[in-house]
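Trainee: Got a structure for you, questions after.
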Amino acid sequence: VHGWSCDRTYWDEQVPYFAEQHSVVTIDLAGHGESGLERDSWTMRAFGEDVAAVVEKLDLDQIVLVGHSMGGLVVVEAANLLGDRVKVVVGADTFGDVSGRIPDEQMEAFLQPFRADFGVSMDGLARNNFFVPSSDSAFIEQIAEDMSSAPPEVGVGALKGYLDWYNNESETALRELHVPLRLINSDYNPTNVEAGRAATSSFEVVLMSGVGHFQMMEDPETFNRLLEEIVTEFAGTA
């Protein structure tokens, strides 16, 4: 599951690799990619319900749920809806600090520039926060342009939903998570492992170096190897 203001094509380096041995499903969350805008709820729970609906429609089992960034929150919500069908939840550069909270008054101040001009605000956020000095300039341009062209109502709504989840729902959602949580994070930002393990005892993280937020695109070879190790660990578990 892709992240905020992204789409399923962000997994193009993973799909053929894993499709050799597994059934691989990528989706565009509501309001993203080729999915429609016919809704007014951009919460993590609603996105999780979208993922669960796809699982039900395709009658999938023995599932490894993989979510990048905001998609990590979404797949936790989906896992809590899908029960024993899910074997493990894998987050890609997500849950860096599950104890993070933002007061309501600060949230509105943070959201205001995005409400005023989503494209400009997103472009600046992406360029200044998602990459490392060695990141390819053309790649930075590609991501910044793509994310900043997202529908503003979806971008702002999903950002608010993301912040609301951390403020009001994360503690319960992670406590109720009944399967292991494994993370493949970049070390360009620290991961608060202590907070993660306090939230859910199965929290484990492996770090990638030399990449930014989109590590599955910047270094797909390493990312695929690390994800394959997790998939193999949980394949065929009861």
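Residues in the structure tokens are numbered from 1 in each chain, the chains being A, B, ... in the order shown, and ligands are numbered from 1 in the order shown.
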Looking only at strand (DSSP E) from DSSP on the backbone, list the matching residues of range 34-220 of chain A as a PyMOL selection string.

Mentor: chain A and resi 63-68+86-92+181-186+203-208

Trainee: Filtering to N, CA and C atoms, could you give me those residues as a PDB file, in the first residue's frame?

Mentor:
```pdb
ATOM      1  N   ILE A  63      -1.580 -13.610   4.164  1.00  0.00           N
ATOM      2  CA  ILE A  63      -1.266 -12.283   3.636  1.00  0.00           C
ATOM      3  C   ILE A  63      -0.112 -11.630   4.381  1.00  0.00           C
ATOM      4  N   VAL A  64       0.789 -11.032   3.623  1.00  0.00           N
ATOM      5  CA  VAL A  64       1.792 -10.096   4.135  1.00  0.00           C
ATOM      6  C   VAL A  64       1.353  -8.708   3.682  1.00  0.00           C
ATOM      7  N   LEU A  65       0.985  -7.857   4.620  1.00  0.00           N
ATOM      8  CA  LEU A  65       0.570  -6.496   4.303  1.00  0.00           C
ATOM      9  C   LEU A  65       1.782  -5.573   4.371  1.00  0.00           C
ATOM     10  N   VAL A  66       2.042  -4.853   3.281  1.00  0.00           N
ATOM     11  CA  VAL A  66       3.194  -3.959   3.212  1.00  0.00           C
ATOM     12  C   VAL A  66       2.689  -2.549   2.960  1.00  0.00           C
ATOM     13  N   GLY A  67       3.102  -1.597   3.805  1.00  0.00           N
ATOM     14  CA  GLY A  67       2.660  -0.221   3.640  1.00  0.00           C
ATOM     15  C   GLY A  67       3.804   0.757   3.778  1.00  0.00           C
ATOM     16  N   HIS A  68       3.899   1.680   2.820  1.00  0.00           N
ATOM     17  CA  HIS A  68       4.936   2.707   2.855  1.00  0.00           C
ATOM     18  C   HIS A  68       4.388   3.967   3.497  1.00  0.00           C
ATOM     19  N   VAL A  86      -3.994 -12.454   8.010  1.00  0.00           N
ATOM     20  CA  VAL A  86      -2.735 -11.714   7.930  1.00  0.00           C
ATOM     21  C   VAL A  86      -1.661 -12.407   8.764  1.00  0.00           C
ATOM     22  N   LYS A  87      -0.467 -12.556   8.197  1.00  0.00           N
ATOM     23  CA  LYS A  87       0.647 -13.201   8.883  1.00  0.00           C
ATOM     24  C   LYS A  87       1.617 -12.200   9.489  1.00  0.00           C
ATOM     25  N   VAL A  88       1.808 -11.089   8.831  1.00  0.00           N
ATOM     26  CA  VAL A  88       2.753 -10.080   9.318  1.00  0.00           C
ATOM     27  C   VAL A  88       2.426  -8.757   8.642  1.00  0.00           C
ATOM     28  N   VAL A  89       2.662  -7.677   9.338  1.00  0.00           N
ATOM     29  CA  VAL A  89       2.552  -6.330   8.778  1.00  0.00           C
ATOM     30  C   VAL A  89       3.962  -5.773   8.623  1.00  0.00           C
ATOM     31  N   VAL A  90       4.257  -5.267   7.431  1.00  0.00           N
ATOM     32  CA  VAL A  90       5.569  -4.704   7.147  1.00  0.00           C
ATOM     33  C   VAL A  90       5.407  -3.223   6.818  1.00  0.00           C
ATOM     34  N   GLY A  91       6.133  -2.381   7.529  1.00  0.00           N
ATOM     35  CA  GLY A  91       6.129  -0.956   7.253  1.00  0.00           C
ATOM     36  C   GLY A  91       7.406  -0.544   6.558  1.00  0.00           C
ATOM     37  N   ALA A  92       7.290   0.315   5.552  1.00  0.00           N
ATOM     38  CA  ALA A  92       8.447   0.853   4.836  1.00  0.00           C
ATOM     39  C   ALA A  92       8.578   2.336   5.171  1.00  0.00           C
ATOM     40  N   LEU A 181       4.880  -6.814  13.763  1.00  0.00           N
ATOM     41  CA  LEU A 181       5.116  -5.595  13.002  1.00  0.00           C
ATOM     42  C   LEU A 181       6.606  -5.495  12.721  1.00  0.00           C
ATOM     43  N   ARG A 182       6.965  -5.541  11.452  1.00  0.00           N
ATOM     44  CA  ARG A 182       8.352  -5.453  11.030  1.00  0.00           C
ATOM     45  C   ARG A 182       8.533  -4.197  10.174  1.00  0.00           C
ATOM     46  N   LEU A 183       9.584  -3.460  10.414  1.00  0.00           N
ATOM     47  CA  LEU A 183       9.826  -2.226   9.687  1.00  0.00           C
ATOM     48  C   LEU A 183      11.133  -2.294   8.907  1.00  0.00           C
ATOM     49  N   ILE A 184      11.094  -1.749   7.690  1.00  0.00           N
ATOM     50  CA  ILE A 184      12.294  -1.500   6.903  1.00  0.00           C
ATOM     51  C   ILE A 184      12.361   0.013   6.754  1.00  0.00           C
ATOM     52  N   ASN A 185      13.162   0.661   7.580  1.00  0.00           N
ATOM     53  CA  ASN A 185      13.230   2.117   7.603  1.00  0.00           C
ATOM     54  C   ASN A 185      14.562   2.623   7.099  1.00  0.00           C
ATOM     55  N   SER A 186      14.569   3.846   6.631  1.00  0.00           N
ATOM     56  CA  SER A 186      15.813   4.517   6.283  1.00  0.00           C
ATOM     57  C   SER A 186      16.416   5.151   7.533  1.00  0.00           C
ATOM     58  N   PHE A 203       7.310  -5.165  17.695  1.00  0.00           N
ATOM     59  CA  PHE A 203       7.942  -4.113  16.886  1.00  0.00           C
ATOM     60  C   PHE A 203       9.420  -4.426  16.677  1.00  0.00           C
ATOM     61  N   GLU A 204       9.822  -4.579  15.403  1.00  0.00           N
ATOM     62  CA  GLU A 204      11.230  -4.774  15.065  1.00  0.00           C
ATOM     63  C   GLU A 204      11.547  -3.966  13.825  1.00  0.00           C
ATOM     64  N   VAL A 205      12.761  -3.435  13.754  1.00  0.00           N
ATOM     65  CA  VAL A 205      13.138  -2.590  12.638  1.00  0.00           C
ATOM     66  C   VAL A 205      14.522  -2.937  12.124  1.00  0.00           C
ATOM     67  N   VAL A 206      14.680  -2.895  10.796  1.00  0.00           N
ATOM     68  CA  VAL A 206      15.982  -2.983  10.159  1.00  0.00           C
ATOM     69  C   VAL A 206      16.155  -1.705   9.353  1.00  0.00           C
ATOM     70  N   LEU A 207      17.378  -1.175   9.353  1.00  0.00           N
ATOM     71  CA  LEU A 207      17.622   0.130   8.751  1.00  0.00           C
ATOM     72  C   LEU A 207      18.391   0.015   7.433  1.00  0.00           C
ATOM     73  N   MET A 208      18.019   0.880   6.493  1.00  0.00           N
ATOM     74  CA  MET A 208      18.756   1.036   5.250  1.00  0.00           C
ATOM     75  C   MET A 208      19.504   2.365   5.284  1.00  0.00           C
TER      76      MET A 208
END
```

Trainee: Excluding same-chain residues fewer than 5 positions from range 172-177 of chain A, what lies within 9 Å of it counting only C-alpha atoms, as an MDAnalysis selection string?

Mentor: chainID A and resid 73 76:77 79:80 199:201

Trainee: Need to verify the contact set: Leu111 in chain A, 12 Å, only C-alpha atoms, exclusion of same-chain residues closer than 3 positions in sequence. Can you return it as a PyMOL selection string?

Mentor: chain A and resi 102+104-108+114-118+121-122+152-153+155-164

Trainee: Would you mind exporting the chosen residues as a short mmCIF file (atom, residue, chain, number, x, y, z; two decimals), in the first residue's frame, restricted to N, CA, C and O atoms?

Mentor:
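File produced: out-v7.cif:
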```cif
data_model
loop_
_atom_site.label_atom_id
_atom_site.label_comp_id
_atom_site.auth_asym_id
_atom_site.auth_seq_id
_atom_site.Cartn_x
_atom_site.Cartn_y
_atom_site.Cartn_z
N ILE A 102 0.55 15.84 18.18
CA ILE A 102 0.57 17.26 17.84
C ILE A 102 -0.70 17.89 18.39
O ILE A 102 -1.81 17.45 18.06
N ASP A 104 -3.97 20.19 19.00
CA ASP A 104 -4.93 20.62 17.98
C ASP A 104 -4.57 21.99 17.40
O ASP A 104 -4.67 22.20 16.19
N GLU A 105 -4.17 22.93 18.27
CA GLU A 105 -3.88 24.27 17.76
C GLU A 105 -2.65 24.27 16.85
O GLU A 105 -2.58 25.01 15.87
N GLN A 106 -1.67 23.41 17.16
CA GLN A 106 -0.51 23.30 16.29
C GLN A 106 -0.87 22.59 14.99
O GLN A 106 -0.31 22.89 13.93
N MET A 107 -1.79 21.64 15.07
CA MET A 107 -2.20 20.93 13.87
C MET A 107 -2.81 21.88 12.85
O MET A 107 -2.49 21.84 11.66
N GLU A 108 -3.68 22.76 13.31
CA GLU A 108 -4.30 23.71 12.39
C GLU A 108 -3.27 24.65 11.77
O GLU A 108 -3.36 24.98 10.59
N PHE A 114 -1.09 24.13 3.65
CA PHE A 114 -1.56 23.13 2.68
C PHE A 114 -2.96 23.46 2.21
O PHE A 114 -3.30 23.24 1.04
N ARG A 115 -3.79 23.97 3.12
CA ARG A 115 -5.14 24.39 2.71
C ARG A 115 -5.06 25.59 1.76
O ARG A 115 -5.84 25.70 0.81
N ALA A 116 -4.12 26.49 2.00
CA ALA A 116 -4.00 27.71 1.19
C ALA A 116 -3.46 27.42 -0.21
O ALA A 116 -3.95 27.94 -1.21
N ASP A 117 -2.44 26.57 -0.30
CA ASP A 117 -1.85 26.21 -1.60
C ASP A 117 -1.17 24.87 -1.44
O ASP A 117 0.02 24.78 -1.10
N PHE A 118 -1.93 23.82 -1.71
CA PHE A 118 -1.42 22.47 -1.47
C PHE A 118 -0.19 22.18 -2.32
O PHE A 118 0.80 21.62 -1.83
N SER A 121 3.02 23.97 -1.03
CA SER A 121 3.41 23.46 0.29
C SER A 121 3.93 22.03 0.22
O SER A 121 4.93 21.69 0.85
N MET A 122 3.27 21.20 -0.59
CA MET A 122 3.72 19.82 -0.73
C MET A 122 5.07 19.75 -1.43
O MET A 122 5.95 18.97 -1.04
N PRO A 152 -6.00 18.49 -4.03
CA PRO A 152 -5.81 19.15 -2.73
C PRO A 152 -6.73 18.65 -1.64
O PRO A 152 -6.30 18.50 -0.49
N GLU A 153 -7.99 18.37 -1.97
CA GLU A 153 -8.92 17.91 -0.94
C GLU A 153 -8.51 16.56 -0.36
O GLU A 153 -8.67 16.29 0.82
N GLY A 155 -5.23 15.40 -0.49
CA GLY A 155 -3.96 15.62 0.18
C GLY A 155 -4.13 16.19 1.57
O GLY A 155 -3.55 15.70 2.54
N VAL A 156 -4.94 17.23 1.69
CA VAL A 156 -5.17 17.85 3.00
C VAL A 156 -5.96 16.91 3.89
O VAL A 156 -5.65 16.75 5.08
N GLY A 157 -6.99 16.27 3.34
CA GLY A 157 -7.80 15.36 4.14
C GLY A 157 -7.01 14.19 4.68
O GLY A 157 -7.15 13.81 5.85
N ALA A 158 -6.16 13.61 3.83
CA ALA A 158 -5.36 12.46 4.27
C ALA A 158 -4.30 12.89 5.27
O ALA A 158 -3.98 12.16 6.22
N LEU A 159 -3.71 14.09 5.09
CA LEU A 159 -2.74 14.58 6.06
C LEU A 159 -3.39 14.78 7.42
O LEU A 159 -2.83 14.39 8.45
N LYS A 160 -4.57 15.36 7.43
CA LYS A 160 -5.29 15.52 8.70
C LYS A 160 -5.64 14.16 9.29
O LYS A 160 -5.51 13.94 10.49
N GLY A 161 -6.05 13.22 8.43
CA GLY A 161 -6.35 11.88 8.92
C GLY A 161 -5.14 11.19 9.53
O GLY A 161 -5.25 10.50 10.53
N TYR A 162 -3.99 11.42 8.92
CA TYR A 162 -2.73 10.87 9.42
C TYR A 162 -2.43 11.42 10.82
O TYR A 162 -2.12 10.67 11.75
N LEU A 163 -2.52 12.74 10.97
CA LEU A 163 -2.24 13.37 12.26
C LEU A 163 -3.28 12.97 13.31
O LEU A 163 -2.93 12.73 14.47
N ASP A 164 -4.53 12.91 12.90
CA ASP A 164 -5.59 12.49 13.82
C ASP A 164 -5.34 11.06 14.32
O ASP A 164 -5.61 10.75 15.49
#
```

Trainee: Have a look at A:Asp123, A:Asp93, A:Asp61, A:Glu38 and name the one nearest to Met217 in chain A; count only C-alpha atoms.

Mentor: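 Closest to Met217 in chain A of all the choices is A:Asp93.
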
Trainee: Work out how far CA of Gly72 in chain A is from CA of Val98 in chain A, in Å to one decimal.

Mentor: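 That distance, rounded to one decimal, is 11.5 Å.
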